[in-house]
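**Q** Take a look at target-v1.csv, CSV, C-alpha atoms:
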chain,number,residue,atom,x,y,z
E,1,MET,CA,24.2,7.2,2.7
E,2,SER,CA,22.6,10.7,2.9
E,3,ALA,CA,19.2,11.5,1.5
E,4,SER,CA,20.7,13.7,-1.2
E,5,ALA,CA,23.4,11.3,-2.2
E,6,PRO,CA,22.9,9.8,-5.7
E,7,ILE,CA,21.7,6.2,-6.0
E,8,PRO,CA,24.6,3.9,-6.9
E,9,ALA,CA,24.6,3.5,-10.7
E,10,ASP,CA,24.4,-0.3,-10.6
E,11,ALA,CA,21.4,-0.2,-8.3
E,12,GLU,CA,19.7,2.4,-10.5
E,13,GLN,CA,20.2,0.3,-13.5
E,14,ARG,CA,18.8,-2.8,-11.8
E,15,LEU,CA,15.6,-0.9,-11.0
E,16,ARG,CA,15.4,0.8,-14.4
E,17,ARG,CA,15.5,-2.5,-16.2
E,18,VAL,CA,12.3,-3.7,-14.5
E,19,ILE,CA,10.2,-0.6,-15.2
E,20,ARG,CA,7.9,-1.4,-18.1
E,21,ASP,CA,7.0,1.3,-20.6
E,22,VAL,CA,3.3,1.2,-21.6
E,23,PRO,CA,2.4,3.6,-24.5
E,24,ASP,CA,-0.9,5.5,-24.5
E,25,PHE,CA,-1.9,4.8,-20.9
E,26,PRO,CA,-4.0,6.2,-19.3
E,27,GLN,CA,-4.6,8.2,-22.5
E,28,PRO,CA,-3.2,8.5,-26.0
E,29,GLY,CA,0.2,10.1,-26.2
E,30,ILE,CA,1.2,9.3,-22.6
E,31,LEU,CA,4.1,6.9,-22.0
E,32,PHE,CA,3.3,5.2,-18.7
E,33,ARG,CA,6.1,3.9,-16.5
E,34,ASP,CA,4.7,0.7,-15.0
E,35,ILE,CA,6.3,-0.3,-11.7
E,36,THR,CA,4.5,-3.6,-11.3
E,37,PRO,CA,7.4,-5.7,-12.7
E,38,LEU,CA,9.6,-4.1,-10.1
E,39,LEU,CA,7.1,-5.2,-7.4
E,40,GLY,CA,6.8,-8.7,-8.9
E,41,ASN,CA,10.6,-9.3,-8.6
E,42,ALA,CA,11.5,-10.0,-5.0
E,43,ALA,CA,15.1,-8.7,-5.4
E,44,THR,CA,14.1,-5.3,-6.9
E,45,LEU,CA,11.2,-4.9,-4.4
E,46,ARG,CA,13.8,-5.4,-1.6
E,47,LEU,CA,16.4,-3.2,-3.3
E,48,SER,CA,14.0,-0.2,-3.7
E,49,ILE,CA,12.9,-0.3,0.0
E,50,ASP,CA,16.5,-0.8,1.2
E,51,LEU,CA,17.7,2.2,-0.8
E,52,PHE,CA,15.0,4.3,0.8
E,53,ALA,CA,15.8,3.0,4.2
E,54,ALA,CA,19.5,3.5,3.9
E,55,ALA,CA,19.0,7.2,3.0
E,56,TRP,CA,16.6,8.1,5.8
E,57,ARG,CA,17.5,5.7,8.7
E,58,ASP,CA,19.5,8.3,10.6
E,59,HIS,CA,17.0,11.2,10.2
E,60,GLY,CA,14.9,10.6,13.3
E,61,ILE,CA,11.7,10.0,11.3
E,62,ASP,CA,8.6,9.5,13.4
E,63,TYR,CA,6.2,8.7,10.5
E,64,ILE,CA,6.3,7.7,6.9
E,65,VAL,CA,3.4,9.5,5.0
E,66,GLY,CA,2.2,7.5,2.0
E,67,ILE,CA,0.1,9.0,-0.7
E,68,GLU,CA,-2.8,6.9,-2.1
E,69,SER,CA,-2.5,4.5,-3.6
E,70,ARG,CA,0.9,3.7,-5.0
E,71,GLY,CA,2.6,5.6,-2.2
E,72,PHE,CA,1.1,3.0,0.1
E,73,LEU,CA,3.1,0.3,-1.7
E,74,PHE,CA,6.4,1.8,-0.9
E,75,GLY,CA,5.6,3.7,2.3
E,76,MET,CA,4.4,0.8,4.4
E,77,PRO,CA,7.5,-1.5,3.9
E,78,LEU,CA,9.7,1.5,4.5
E,79,ALA,CA,7.9,2.2,7.8
E,80,TYR,CA,8.3,-1.5,8.7
E,81,ALA,CA,12.0,-1.4,7.8
E,82,LEU,CA,12.7,1.9,9.8
E,83,GLY,CA,10.4,1.0,12.7
E,84,THR,CA,8.2,4.1,12.4
E,85,GLY,CA,4.5,4.6,12.2
E,86,PHE,CA,2.7,5.2,8.9
E,87,VAL,CA,0.1,7.9,8.0
E,88,PRO,CA,-2.0,7.5,4.8
E,89,VAL,CA,-3.0,10.6,2.8
E,90,ARG,CA,-6.1,9.7,0.8
E,91,LYS,CA,-8.5,11.1,-1.8
E,92,ALA,CA,-11.4,13.1,-0.4
E,93,GLY,CA,-14.0,11.0,1.5
E,94,LYS,CA,-11.9,7.9,2.1
E,95,LEU,CA,-10.7,8.5,5.6
E,96,PRO,CA,-13.3,7.9,8.3
E,97,HIS,CA,-12.4,10.2,11.1
E,98,LYS,CA,-12.0,14.0,11.3
E,99,THR,CA,-9.8,15.2,8.4
E,100,ILE,CA,-8.1,18.3,6.9
E,101,GLY,CA,-7.9,18.6,3.2
E,102,ALA,CA,-5.8,20.4,0.6
E,103,GLU,CA,-6.8,21.0,-3.0
E,104,TYR,CA,-4.5,20.7,-6.0
E,105,THR,CA,-5.0,21.5,-9.6
E,106,LEU,CA,-4.8,19.0,-12.5
E,107,GLU,CA,-4.7,19.8,-16.2
E,108,TYR,CA,-8.5,19.9,-16.1
E,109,GLY,CA,-10.1,20.5,-12.8
E,110,ALA,CA,-8.9,19.9,-9.2
E,111,ASN,CA,-8.6,17.1,-6.6
E,112,THR,CA,-8.5,17.1,-2.8
E,113,MET,CA,-6.2,15.1,-0.7
E,114,GLU,CA,-7.0,14.5,3.0
E,115,VAL,CA,-5.2,13.4,6.2
E,116,HIS,CA,-6.6,12.6,9.6
E,117,ALA,CA,-6.4,15.7,11.8
E,118,ASP,CA,-4.9,13.7,14.7
E,119,ALA,CA,-2.5,11.7,12.5
E,120,VAL,CA,0.6,13.6,13.7
E,121,GLN,CA,1.5,15.9,16.6
E,122,PRO,CA,3.3,19.3,16.2
E,123,GLY,CA,7.0,18.9,15.8
E,124,GLN,CA,7.0,15.3,14.7
E,125,ARG,CA,9.3,14.4,11.8
E,126,VAL,CA,7.8,12.9,8.7
E,127,LEU,CA,9.0,11.6,5.4
E,128,ILE,CA,6.5,11.7,2.4
E,129,VAL,CA,6.7,8.7,0.0
E,130,ASP,CA,5.1,8.2,-3.4
E,131,ASP,CA,5.9,6.2,-6.5
E,132,LEU,CA,6.1,9.1,-9.0
E,133,LEU,CA,7.2,12.8,-9.0
E,134,ALA,CA,5.6,14.3,-12.1
E,135,THR,CA,4.2,17.8,-11.9
E,136,GLY,CA,4.5,17.8,-8.1
E,137,GLY,CA,0.9,18.9,-7.4
E,138,THR,CA,0.0,15.9,-5.2
E,139,ALA,CA,3.3,16.0,-3.4
E,140,ALA,CA,3.1,19.8,-2.7
E,141,ALA,CA,-0.5,19.4,-1.4
E,142,THR,CA,0.7,16.7,0.9
E,143,VAL,CA,3.6,18.8,2.2
E,144,ALA,CA,1.1,21.6,2.9
E,145,LEU,CA,-1.3,19.3,4.7
E,146,LEU,CA,1.4,17.9,7.0
E,147,GLN,CA,2.8,21.4,7.7
E,148,ARG,CA,-0.7,22.6,8.7
E,149,LEU,CA,-0.7,19.8,11.3
E,150,GLY,CA,2.6,21.2,12.6
E,151,ALA,CA,4.8,18.3,11.3
E,152,GLU,CA,8.3,18.9,10.2
E,153,VAL,CA,8.6,17.5,6.7
E,154,ILE,CA,12.1,16.1,6.7
E,155,GLY,CA,12.1,14.9,3.1
E,156,LEU,CA,10.3,13.3,0.2
E,157,ALA,CA,11.1,10.0,-1.5
E,158,PHE,CA,10.0,8.8,-5.0
E,159,VAL,CA,10.7,5.7,-7.1
E,160,ILE,CA,10.5,7.7,-10.4
E,161,GLU,CA,10.9,11.3,-11.3
E,162,LEU,CA,9.8,12.6,-14.7
E,163,ALA,CA,12.2,15.5,-14.7
E,164,ALA,CA,10.8,17.3,-17.8
E,165,LEU,CA,7.6,18.0,-15.9
E,166,GLY,CA,9.4,20.2,-13.3
E,167,GLY,CA,7.8,18.8,-10.2
E,168,ARG,CA,10.9,19.6,-8.0
E,169,ALA,CA,10.1,23.3,-8.3
E,170,GLN,CA,7.0,22.7,-6.3
E,171,LEU,CA,8.9,21.1,-3.4
E,172,GLY,CA,11.1,24.1,-2.3
E,173,ALA,CA,14.2,23.2,-0.4
E,174,ILE,CA,13.0,20.0,1.1
E,175,PRO,CA,15.5,17.1,0.5
E,176,THR,CA,14.1,14.8,-2.1
E,177,GLN,CA,15.3,11.3,-3.0
E,178,VAL,CA,14.6,9.7,-6.3
E,179,LEU,CA,15.6,6.2,-7.4
E,180,ILE,CA,15.1,6.5,-11.2
E,181,THR,CA,15.0,9.7,-13.3
E,182,TYR,CA,13.6,9.9,-16.8
S,1,MET,CA,3.2,-20.9,14.0
S,2,SER,CA,0.9,-22.4,11.4
S,3,ALA,CA,-1.5,-20.4,9.3
S,4,SER,CA,-4.5,-21.8,11.0
S,5,ALA,CA,-3.2,-21.4,14.6
S,6,PRO,CA,-5.0,-18.8,16.7
S,7,ILE,CA,-3.3,-15.4,17.2
S,8,PRO,CA,-1.9,-15.3,20.8
S,9,ALA,CA,-4.5,-13.6,23.0
S,10,ASP,CA,-2.1,-10.8,24.2
S,11,ALA,CA,-1.1,-9.9,20.6
S,12,GLU,CA,-4.8,-9.9,19.5
S,13,GLN,CA,-5.6,-7.5,22.5
S,14,ARG,CA,-2.8,-5.2,21.6
S,15,LEU,CA,-4.1,-4.8,18.1
S,16,ARG,CA,-7.7,-4.6,19.0
S,17,ARG,CA,-7.0,-1.7,21.4
S,18,VAL,CA,-5.7,0.4,18.5
S,19,ILE,CA,-8.7,-0.1,16.2
S,20,ARG,CA,-10.9,2.9,16.3
S,21,ASP,CA,-14.7,2.6,15.9
S,22,VAL,CA,-16.2,5.3,13.7
S,23,PRO,CA,-20.0,5.2,13.7
S,24,ASP,CA,-22.0,6.0,10.6
S,25,PHE,CA,-19.2,5.7,8.1
S,26,PRO,CA,-19.3,5.4,5.1
S,27,GLN,CA,-23.1,5.6,5.6
S,28,PRO,CA,-25.6,5.9,8.4
S,29,GLY,CA,-25.9,2.7,10.5
S,30,ILE,CA,-22.4,1.3,9.6
S,31,LEU,CA,-19.8,1.0,12.4
S,32,PHE,CA,-16.5,1.4,10.6
S,33,ARG,CA,-13.4,-0.3,12.1
S,34,ASP,CA,-10.6,2.3,11.4
S,35,ILE,CA,-7.1,0.7,11.1
S,36,THR,CA,-5.2,4.0,10.9
S,37,PRO,CA,-4.3,4.2,14.6
S,38,LEU,CA,-2.8,0.7,14.2
S,39,LEU,CA,-0.7,2.0,11.3
S,40,GLY,CA,0.3,5.1,13.2
S,41,ASN,CA,1.7,3.1,16.1
S,42,ALA,CA,5.1,1.7,15.1
S,43,ALA,CA,4.8,-1.2,17.5
S,44,THR,CA,1.4,-2.4,16.4
S,45,LEU,CA,2.3,-1.8,12.7
S,46,ARG,CA,5.3,-4.1,13.2
S,47,LEU,CA,3.3,-6.7,15.3
S,48,SER,CA,0.7,-7.1,12.6
S,49,ILE,CA,3.2,-7.7,9.9
S,50,ASP,CA,5.2,-10.1,12.1
S,51,LEU,CA,2.1,-12.1,12.9
S,52,PHE,CA,1.4,-12.5,9.2
S,53,ALA,CA,5.1,-13.4,8.5
S,54,ALA,CA,5.3,-16.0,11.2
S,55,ALA,CA,2.3,-17.8,9.9
S,56,TRP,CA,3.3,-18.0,6.3
S,57,ARG,CA,7.1,-18.0,6.3
S,58,ASP,CA,7.4,-21.8,5.8
S,59,HIS,CA,4.8,-22.1,3.1
S,60,GLY,CA,7.0,-21.5,0.0
S,61,ILE,CA,5.1,-18.4,-1.0
S,62,ASP,CA,6.2,-16.9,-4.4
S,63,TYR,CA,4.0,-13.8,-4.3
S,64,ILE,CA,1.9,-11.8,-1.9
S,65,VAL,CA,-1.2,-10.5,-3.7
S,66,GLY,CA,-2.6,-7.3,-2.2
S,67,ILE,CA,-6.1,-6.0,-2.9
S,68,GLU,CA,-6.5,-2.3,-3.6
S,69,SER,CA,-6.0,-0.2,-1.6
S,70,ARG,CA,-5.8,-1.2,2.0
S,71,GLY,CA,-4.5,-4.6,1.0
S,72,PHE,CA,-1.5,-2.8,-0.4
S,73,LEU,CA,-0.8,-1.4,3.1
S,74,PHE,CA,-0.3,-4.9,4.7
S,75,GLY,CA,0.7,-6.9,1.6
S,76,MET,CA,3.8,-5.0,0.7
S,77,PRO,CA,5.6,-5.0,4.0
S,78,LEU,CA,4.7,-8.7,4.3
S,79,ALA,CA,6.3,-9.3,0.9
S,80,TYR,CA,9.4,-7.3,2.1
S,81,ALA,CA,9.5,-9.4,5.3
S,82,LEU,CA,9.1,-12.7,3.6
S,83,GLY,CA,11.4,-11.9,0.6
S,84,THR,CA,8.7,-12.5,-2.0
S,85,GLY,CA,7.4,-10.5,-4.9
S,86,PHE,CA,4.1,-8.6,-4.8
S,87,VAL,CA,1.2,-8.5,-7.2
S,88,PRO,CA,-1.5,-5.8,-7.0
S,89,VAL,CA,-5.1,-6.5,-7.7
S,90,ARG,CA,-6.8,-3.3,-8.6
S,91,LYS,CA,-10.2,-1.8,-9.6
S,92,ALA,CA,-11.0,-1.9,-13.3
S,93,GLY,CA,-8.9,0.4,-15.5
S,94,LYS,CA,-6.1,1.1,-13.1
S,95,LEU,CA,-3.5,-1.5,-14.3
S,96,PRO,CA,-1.7,-0.3,-17.5
S,97,HIS,CA,-0.8,-3.6,-19.2
S,98,LYS,CA,-2.9,-6.6,-20.4
S,99,THR,CA,-5.3,-7.7,-17.6
S,100,ILE,CA,-7.9,-10.3,-16.8
S,101,GLY,CA,-10.9,-9.2,-14.6
S,102,ALA,CA,-13.5,-10.8,-12.3
S,103,GLU,CA,-16.8,-9.2,-11.4
S,104,TYR,CA,-18.3,-9.4,-7.9
S,105,THR,CA,-21.6,-8.2,-6.7
S,106,LEU,CA,-22.2,-5.5,-4.0
S,107,GLU,CA,-25.4,-4.8,-2.2
S,108,TYR,CA,-26.4,-2.5,-5.1
S,109,GLY,CA,-24.6,-3.2,-8.4
S,110,ALA,CA,-21.3,-4.8,-9.2
S,111,ASN,CA,-17.5,-4.1,-9.3
S,112,THR,CA,-14.7,-5.6,-11.3
S,113,MET,CA,-11.2,-6.4,-9.9
S,114,GLU,CA,-8.3,-6.8,-12.3
S,115,VAL,CA,-4.8,-8.4,-12.3
S,116,HIS,CA,-2.1,-8.2,-14.9
S,117,ALA,CA,-2.3,-11.4,-17.1
S,118,ASP,CA,1.5,-12.0,-16.8
S,119,ALA,CA,1.6,-11.3,-13.0
S,120,VAL,CA,2.1,-15.0,-12.0
S,121,GLN,CA,3.0,-18.2,-13.8
S,122,PRO,CA,1.0,-21.5,-13.5
S,123,GLY,CA,1.9,-23.4,-10.4
S,124,GLN,CA,3.2,-20.4,-8.5
S,125,ARG,CA,2.2,-20.1,-4.9
S,126,VAL,CA,0.4,-17.0,-3.7
S,127,LEU,CA,-1.0,-15.6,-0.5
S,128,ILE,CA,-3.8,-13.0,-0.8
S,129,VAL,CA,-3.8,-10.1,1.7
S,130,ASP,CA,-6.5,-7.5,2.6
S,131,ASP,CA,-7.4,-5.5,5.6
S,132,LEU,CA,-11.0,-6.7,6.0
S,133,LEU,CA,-13.0,-9.9,5.5
S,134,ALA,CA,-16.6,-8.8,5.4
S,135,THR,CA,-19.0,-10.4,2.9
S,136,GLY,CA,-16.0,-12.0,1.1
S,137,GLY,CA,-17.0,-10.8,-2.4
S,138,THR,CA,-13.7,-9.1,-3.2
S,139,ALA,CA,-11.6,-11.9,-1.7
S,140,ALA,CA,-13.5,-14.6,-3.6
S,141,ALA,CA,-13.1,-12.6,-6.9
S,142,THR,CA,-9.4,-12.3,-6.2
S,143,VAL,CA,-9.1,-16.1,-5.6
S,144,ALA,CA,-10.9,-16.7,-8.8
S,145,LEU,CA,-8.6,-14.3,-10.7
S,146,LEU,CA,-5.4,-15.9,-9.4
S,147,GLN,CA,-6.7,-19.4,-10.1
S,148,ARG,CA,-7.5,-18.5,-13.7
S,149,LEU,CA,-3.9,-17.5,-14.1
S,150,GLY,CA,-2.9,-21.0,-12.8
S,151,ALA,CA,-1.6,-19.9,-9.4
S,152,GLU,CA,-2.0,-22.0,-6.4
S,153,VAL,CA,-3.8,-19.9,-3.7
S,154,ILE,CA,-2.0,-21.1,-0.5
S,155,GLY,CA,-4.0,-18.9,1.8
S,156,LEU,CA,-5.6,-15.6,2.7
S,157,ALA,CA,-4.7,-13.2,5.5
S,158,PHE,CA,-6.8,-10.4,6.9
S,159,VAL,CA,-6.3,-7.9,9.7
S,160,ILE,CA,-10.1,-7.9,10.6
S,161,GLU,CA,-12.9,-10.3,10.1
S,162,LEU,CA,-16.6,-9.2,10.6
S,163,ALA,CA,-17.7,-12.8,11.3
S,164,ALA,CA,-21.5,-12.0,11.3
S,165,LEU,CA,-21.2,-11.2,7.5
S,166,GLY,CA,-20.3,-14.8,6.7
S,167,GLY,CA,-17.4,-14.1,4.3
S,168,ARG,CA,-15.5,-17.3,5.2
S,169,ALA,CA,-18.2,-19.3,3.4
S,170,GLN,CA,-17.0,-17.6,0.1
S,171,LEU,CA,-13.5,-18.9,0.6
S,172,GLY,CA,-14.0,-22.6,0.5
S,173,ALA,CA,-11.3,-24.7,2.2
S,174,ILE,CA,-8.4,-22.2,1.7
S,175,PRO,CA,-6.5,-21.6,4.9
S,176,THR,CA,-7.4,-18.2,6.2
S,177,GLN,CA,-5.6,-16.1,8.9
S,178,VAL,CA,-7.3,-13.3,10.7
S,179,LEU,CA,-5.7,-11.1,13.4
S,180,ILE,CA,-8.9,-9.6,15.0
S,181,THR,CA,-12.4,-11.0,14.8
S,182,TYR,CA,-15.6,-9.0,15.6
Since I need it in another form, could you write the structure as structure tokens?
**A**
Amino acid sequence: MSASAPIPADAEQRLRRVIRDVPDFPQPGILFRDITPLLGNAATLRLSIDLFAAAWRDHGIDYIVGIESRGFLFGMPLAYALGTGFVPVRKAGKLPHKTIGAEYTLEYGANTMEVHADAVQPGQRVLIVDDLLATGGTAAATVALLQRLGAEVIGLAFVIELAALGGRAQLGAIPTQVLITY
Amino acid sequence: MSASAPIPADAEQRLRRVIRDVPDFPQPGILFRDITPLLGNAATLRLSIDLFAAAWRDHGIDYIVGIESRGFLFGMPLAYALGTGFVPVRKAGKLPHKTIGAEYTLEYGANTMEVHADAVQPGQRVLIVDDLLATGGTAAATVALLQRLGAEVIGLAFVIELAALGGRAQLGAIPTQVLITY
């Protein structure tokens, strides 16, 4: 299965059924897509990781990059399944050693994501993983961070895409895998 | 390998060698044990998860419980390896559905950890995973949360224990696995 191949419809339906809609979280008017029932079900947990692994197994990935904190949930088992290392991208001030940072804008204000400056070497091939592609701000900042370290960003992988928010436009031509699209 | 068996000395040494000491983080006088080089090395990432999996495979675990956020890093691949579900325990306000909370005290002030009220059913068997056992406050609060839901806490597993801080005394007689002790 290639990274850009669609997810088989039956697999997509199995995952979609265990996403829980929570209205008005984290604020009024927002419909939150809760992944915790997917994690709580051993079969859908395994299915989600195996779909990611099947898509990226033959791409010579050196590191899975997981974005704090729900990207840690999917990125680490994927690194384990593929036999790669794992690099955490965290909110400002959380990583203990020398870091580089990239700022991204939110509806109100801005946030900074950081990665250890020695986390990858130039030319190494990385796959960026997070739970949700919404506006794409966090993902684009993470792509920029890894490219500044000289890494080759081979792709991005998300459990859920909220397509109406247009996040893909932030990701340029980088191959992007999504398990469930709303 | 049983949960209480010591880690083989060669495996413990391989892991210890990739822990990076960072002085004065997060504040002056604290020596921080940085696990990111362990994660960045595919072999030690795999070894850490496989040591956890070998110890708990035959204990009939229903759920791995991971404590935000570094407990997510080790808990999810362990759930994947054992074929169980995963339950996140998060800081207050992060989980979207109905939760229960437990407060624990820090040197100055207090924090609250939360779990979804429907995350486990009475009698289910859970293993709690985090990166670090220090004073044991977060771990003890997580044990209390899961027991209030009726779960049977079969054990706890940590990458690192800072033995001088006495955290084990907070955990009663629950079997506890540690990969590296300082």
**Q** Using only C-alpha atoms, which residues sit within 6 Å of region 112-127 of chain S once same-chain residues fewer than 3 positions away are excluded, as a list in words?
**A**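 Here the answer would be Ile61, Asp62, Tyr63, Ile64, Val89, Arg90, Lys91, Ala92, Lys98, Thr99, Ile100, Gly101, Ala102, Glu103, Gly150, Ala151, Glu152, Val153, Ile154, Gly155 and Leu156 of chain S.
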**Q** Which residues of chain E come within 7 Å of chain S, and for each one, what is the closest pair of atoms and their distance in Å to one decimal, counting only C-alpha atoms, sorted by chain and residue number, as a Markdown table?
**A**
| residue | atom | partner | partner_atom | distance |
| --- | --- | --- | --- | --- |
| E:Val22 | CA | S:Pro96 | CA | 6.6 |
| E:Phe25 | CA | S:Pro96 | CA | 6.1 |
| E:Asp34 | CA | S:Pro96 | CA | 6.9 |
| E:Leu39 | CA | S:Phe86 | CA | 5.2 |
| E:Gly40 | CA | S:Gly85 | CA | 4.4 |
| E:Asn41 | CA | S:Gly85 | CA | 5.0 |
| E:Ala42 | CA | S:Gly85 | CA | 4.1 |
| E:Leu45 | CA | S:Gly85 | CA | 6.8 |
| E:Arg46 | CA | S:Tyr80 | CA | 6.1 |
| E:Ser69 | CA | S:Ser69 | CA | 6.2 |
| E:Phe72 | CA | S:Leu73 | CA | 5.7 |
| E:Leu73 | CA | S:Phe72 | CA | 5.7 |
| E:Met76 | CA | S:Leu73 | CA | 5.8 |
| E:Pro77 | CA | S:Pro77 | CA | 4.0 |
| E:Tyr80 | CA | S:Arg46 | CA | 6.0 |
| E:Gly83 | CA | S:Ala42 | CA | 5.9 |
| E:Thr84 | CA | S:Ala42 | CA | 4.8 |
| E:Gly85 | CA | S:Ala42 | CA | 4.1 |
| E:Phe86 | CA | S:Gly40 | CA | 4.9 |
| E:Val87 | CA | S:Gly40 | CA | 5.9 |
| E:Pro96 | CA | S:Phe25 | CA | 6.3 |
| E:His97 | CA | S:Val22 | CA | 6.7 |
**Q** To one decimal in Å, tell me the separation between CA of Gly137 (chain S) and CA of Leu106 (chain S).
**A**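 So the answer is 7.6 Å.
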**Q** Which neighbours of Ala157 (chain E) fall inside 12 Å, counting all atoms listed in the file, when residues of the same chain fewer than 5 positions from it are skipped, and could you give them as an mmCIF file with C-alpha atoms, keeping the file's coordinate frame?
**A**
data_model
loop_
_atom_site.group_PDB
_atom_site.id
_atom_site.type_symbol
_atom_site.label_atom_id
_atom_site.label_comp_id
_atom_site.auth_asym_id
_atom_site.auth_seq_id
_atom_site.Cartn_x
_atom_site.Cartn_y
_atom_site.Cartn_z
ATOM 1 C CA ALA E 3 19.200 11.500 1.500
ATOM 2 C CA SER E 4 20.700 13.700 -1.200
ATOM 3 C CA SER E 48 14.000 -0.200 -3.700
ATOM 4 C CA ILE E 49 12.900 -0.300 0.000
ATOM 5 C CA LEU E 51 17.700 2.200 -0.800
ATOM 6 C CA PHE E 52 15.000 4.300 0.800
ATOM 7 C CA ALA E 53 15.800 3.000 4.200
ATOM 8 C CA ALA E 54 19.500 3.500 3.900
ATOM 9 C CA ALA E 55 19.000 7.200 3.000
ATOM 10 C CA TRP E 56 16.600 8.100 5.800
ATOM 11 C CA ILE E 64 6.300 7.700 6.900
ATOM 12 C CA VAL E 65 3.400 9.500 5.000
ATOM 13 C CA GLY E 66 2.200 7.500 2.000
ATOM 14 C CA ILE E 67 0.100 9.000 -0.700
ATOM 15 C CA GLY E 71 2.600 5.600 -2.200
ATOM 16 C CA PHE E 74 6.400 1.800 -0.900
ATOM 17 C CA GLY E 75 5.600 3.700 2.300
ATOM 18 C CA LEU E 78 9.700 1.500 4.500
ATOM 19 C CA VAL E 126 7.800 12.900 8.700
ATOM 20 C CA LEU E 127 9.000 11.600 5.400
ATOM 21 C CA ILE E 128 6.500 11.700 2.400
ATOM 22 C CA VAL E 129 6.700 8.700 0.000
ATOM 23 C CA ASP E 130 5.100 8.200 -3.400
ATOM 24 C CA ASP E 131 5.900 6.200 -6.500
ATOM 25 C CA LEU E 132 6.100 9.100 -9.000
ATOM 26 C CA LEU E 133 7.200 12.800 -9.000
ATOM 27 C CA ALA E 139 3.300 16.000 -3.400
ATOM 28 C CA ARG E 168 10.900 19.600 -8.000
ATOM 29 C CA LEU E 171 8.900 21.100 -3.400
ATOM 30 C CA ILE E 174 13.000 20.000 1.100
ATOM 31 C CA PRO E 175 15.500 17.100 0.500
ATOM 32 C CA THR E 176 14.100 14.800 -2.100
ATOM 33 C CA GLN E 177 15.300 11.300 -3.000
ATOM 34 C CA VAL E 178 14.600 9.700 -6.300
ATOM 35 C CA LEU E 179 15.600 6.200 -7.400
ATOM 36 C CA ILE E 180 15.100 6.500 -11.200
#
**Q** Pick the closest to Glu12 (chain E) from E:Leu31, E:Leu149, E:Ala169, E:Val159: which is it, counting all atoms listed in the file?
**A** E:Val159
**Q** Which one is closest to Gly172 (chain S): S:Leu145, S:Ala140, S:Ile19, S:Ala110? Count all atoms listed in the file.
**A** S:Ala140
**Q** Need the axis-aligned box for region 138-157 of chain E with 8 Å each side, so what are the centre and edges in Å to one decimal, as lines of an AutoDock Vina configuration file?
**A**
center_x = 5.4
center_y = 16.3
center_z = 3.7
size_x = 29.4
size_y = 28.6
size_z = 33.8
**Q** Report the distance between CA of Ala163 (chain E) and CA of Thr181 (chain E) in Å, rounded to one decimal place.
**A**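 Atom-to-atom, CA of Ala163 (chain E) and CA of Thr181 (chain E) are spaced 6.6 Å apart.
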**Q** What is the distance, in Å and to one decimal place, between CA of Gln170 (chain E) and CA of His59 (chain E)?
**A**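 Here the two named atoms are 22.5 Å from each other.
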